[in-house]
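In what follows, a single structure is set out as structure tokens and then discussed.
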Amino acid sequence: PAKELQRQLSVTYKTAWRMGHEIRKYMGWVDGDAPLGGSGPKAKPVGMDKAFIGGKDKQGFDDKAVVLGMIERDGAVMAKVIPGKDWHSVNRAMLGNVKEGSMVYTDDAPVFKSLPNLGYGHEAVNHKAKEWVRGNVHTNSIEAFWSNVKRSIKGTYVWVSKKHLQTYLCEFEYRHNLRHAP
């Protein structure tokens, strides 16, 4: 966080915040965003889920940022802030980041039901029926990533604006994707 950079480096808060912001942007650049998944016998399935971050949790108000997370099984993660939770926003973010023909595992949200029509394999777990895992089908990996992101934002950064959320997500992607390469 910027306050820690301020203390460690003896600079102003504004300078520390800017340094942290530039470091997070660089982490996103270093990590890159290669398309996930693929087809074939060695292709990894992709788990996908939406998350709502920030804002106040008021019924009927869309004040939270909508983020789409995609993660290869035992592989890389990618998180994108999207303009809304509708079908068009979700599928536009997914089409550019998940290879056609990939097997995609999601929850039973209606926005994911059209994936087979877009050239993806698709299976879903039904959280409403308390189904979390069905054989190889689950969204546990992406939900664990969301848990880490939300806990870190709340505990370390306290609050993140929608405007800068993508750079914070770049930091979390970097940490996850390079966790085995110190």
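By convention here, the chains of the structure tokens are called A, B, ... in the order presented, each chain's residues are numbered starting at 1, and ligands are numbered starting at 1 in the order presented.
For Thr139 (chain A), the residues within 12 Å (counting only C-alpha atoms, excluding itself and residues fewer than 5 positions away along the chain) are Pro45, Val46, Gly47, Met48, Asp49, Lys50, Gly69, Met70, Ile71, Glu72, Arg73, Val104, Tyr105, Thr106, Asp107, Asp108, Glu123, Ala124, Val125, Asn126, His127, Glu131, Trp132, Val133, Arg134, Ala144, Phe145 and Trp146 of chain A.
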**Request:** Using DSSP on the backbone, list every residue of region 55-151 of chain A that comes out as alpha helix (DSSP H), and give them as a PyMOL selection string.
**Result:** chain A and resi 87-95+140-151
With only C-alpha atoms counted and 12 Å as the cut-off, give the residues of region 46-139 of chain A in contact with region 29-32 of chain A, each with its shortest interatomic distance in Å and the pair that gives it, as JSON lines.
{"residue": "A:Ala76", "atom": "CA", "partner": "A:Asp31", "partner_atom": "CA", "distance": 9.6}
{"residue": "A:Val77", "atom": "CA", "partner": "A:Asp31", "partner_atom": "CA", "distance": 10.1}
{"residue": "A:Met78", "atom": "CA", "partner": "A:Gly32", "partner_atom": "CA", "distance": 9.3}
{"residue": "A:Ala79", "atom": "CA", "partner": "A:Gly32", "partner_atom": "CA", "distance": 11.7}
{"residue": "A:Asn97", "atom": "CA", "partner": "A:Gly32", "partner_atom": "CA", "distance": 11.4}
Given the selection you just returned, output its residues as a file containing C-alpha atoms, formatted as a compact mmCIF listing (two decimals), in the first residue's frame.
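Everything below was put into out19.txt:
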# COMPACT_ATOMS: atom_id res chain seq x y z
CA ALA A 76 -2.68 -18.83 -15.37
CA VAL A 77 -5.42 -16.47 -14.25
CA MET A 78 -6.80 -13.41 -16.02
CA ALA A 79 -9.18 -10.81 -14.57
CA ASN A 97 -9.12 -14.06 -23.89
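For Pro110 (chain A), the residues within 10 Å (counting only C-alpha atoms, excluding itself and residues fewer than 3 positions away along the chain) are Asp86, Trp87, Asp107, Lys113 and Ser114 of chain A.
For the atom pair formed by CA of Glu143 (chain A) and CA of Lys128 (chain A), the distance is 15.6 Å, given to one decimal.
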**Neighbour list for Gly20 (chain A) as a list in words, cut-off 8 Å, only C-alpha atoms, skip fewer than 5 positions in-chain** = Pro1, Ala2 and Leu5 of chain A
**Fill in**
Min atom-atom distance to Tyr168 (chain A) from the set A:Ile153, A:Ile142, A:Val67, A:Val98, counting only C-alpha atoms, belongs to A:Ile153
**Message:** Give me, as a ChimeraX atom specification, all polymer residues having an atom no more than 12 Å from region 155-160 of chain A, counting only C-alpha atoms and skipping those fewer than 5 positions away in the same chain.
**Reply:** /A:1-4,17,20-21,53-56,64-65,147-150,165-169
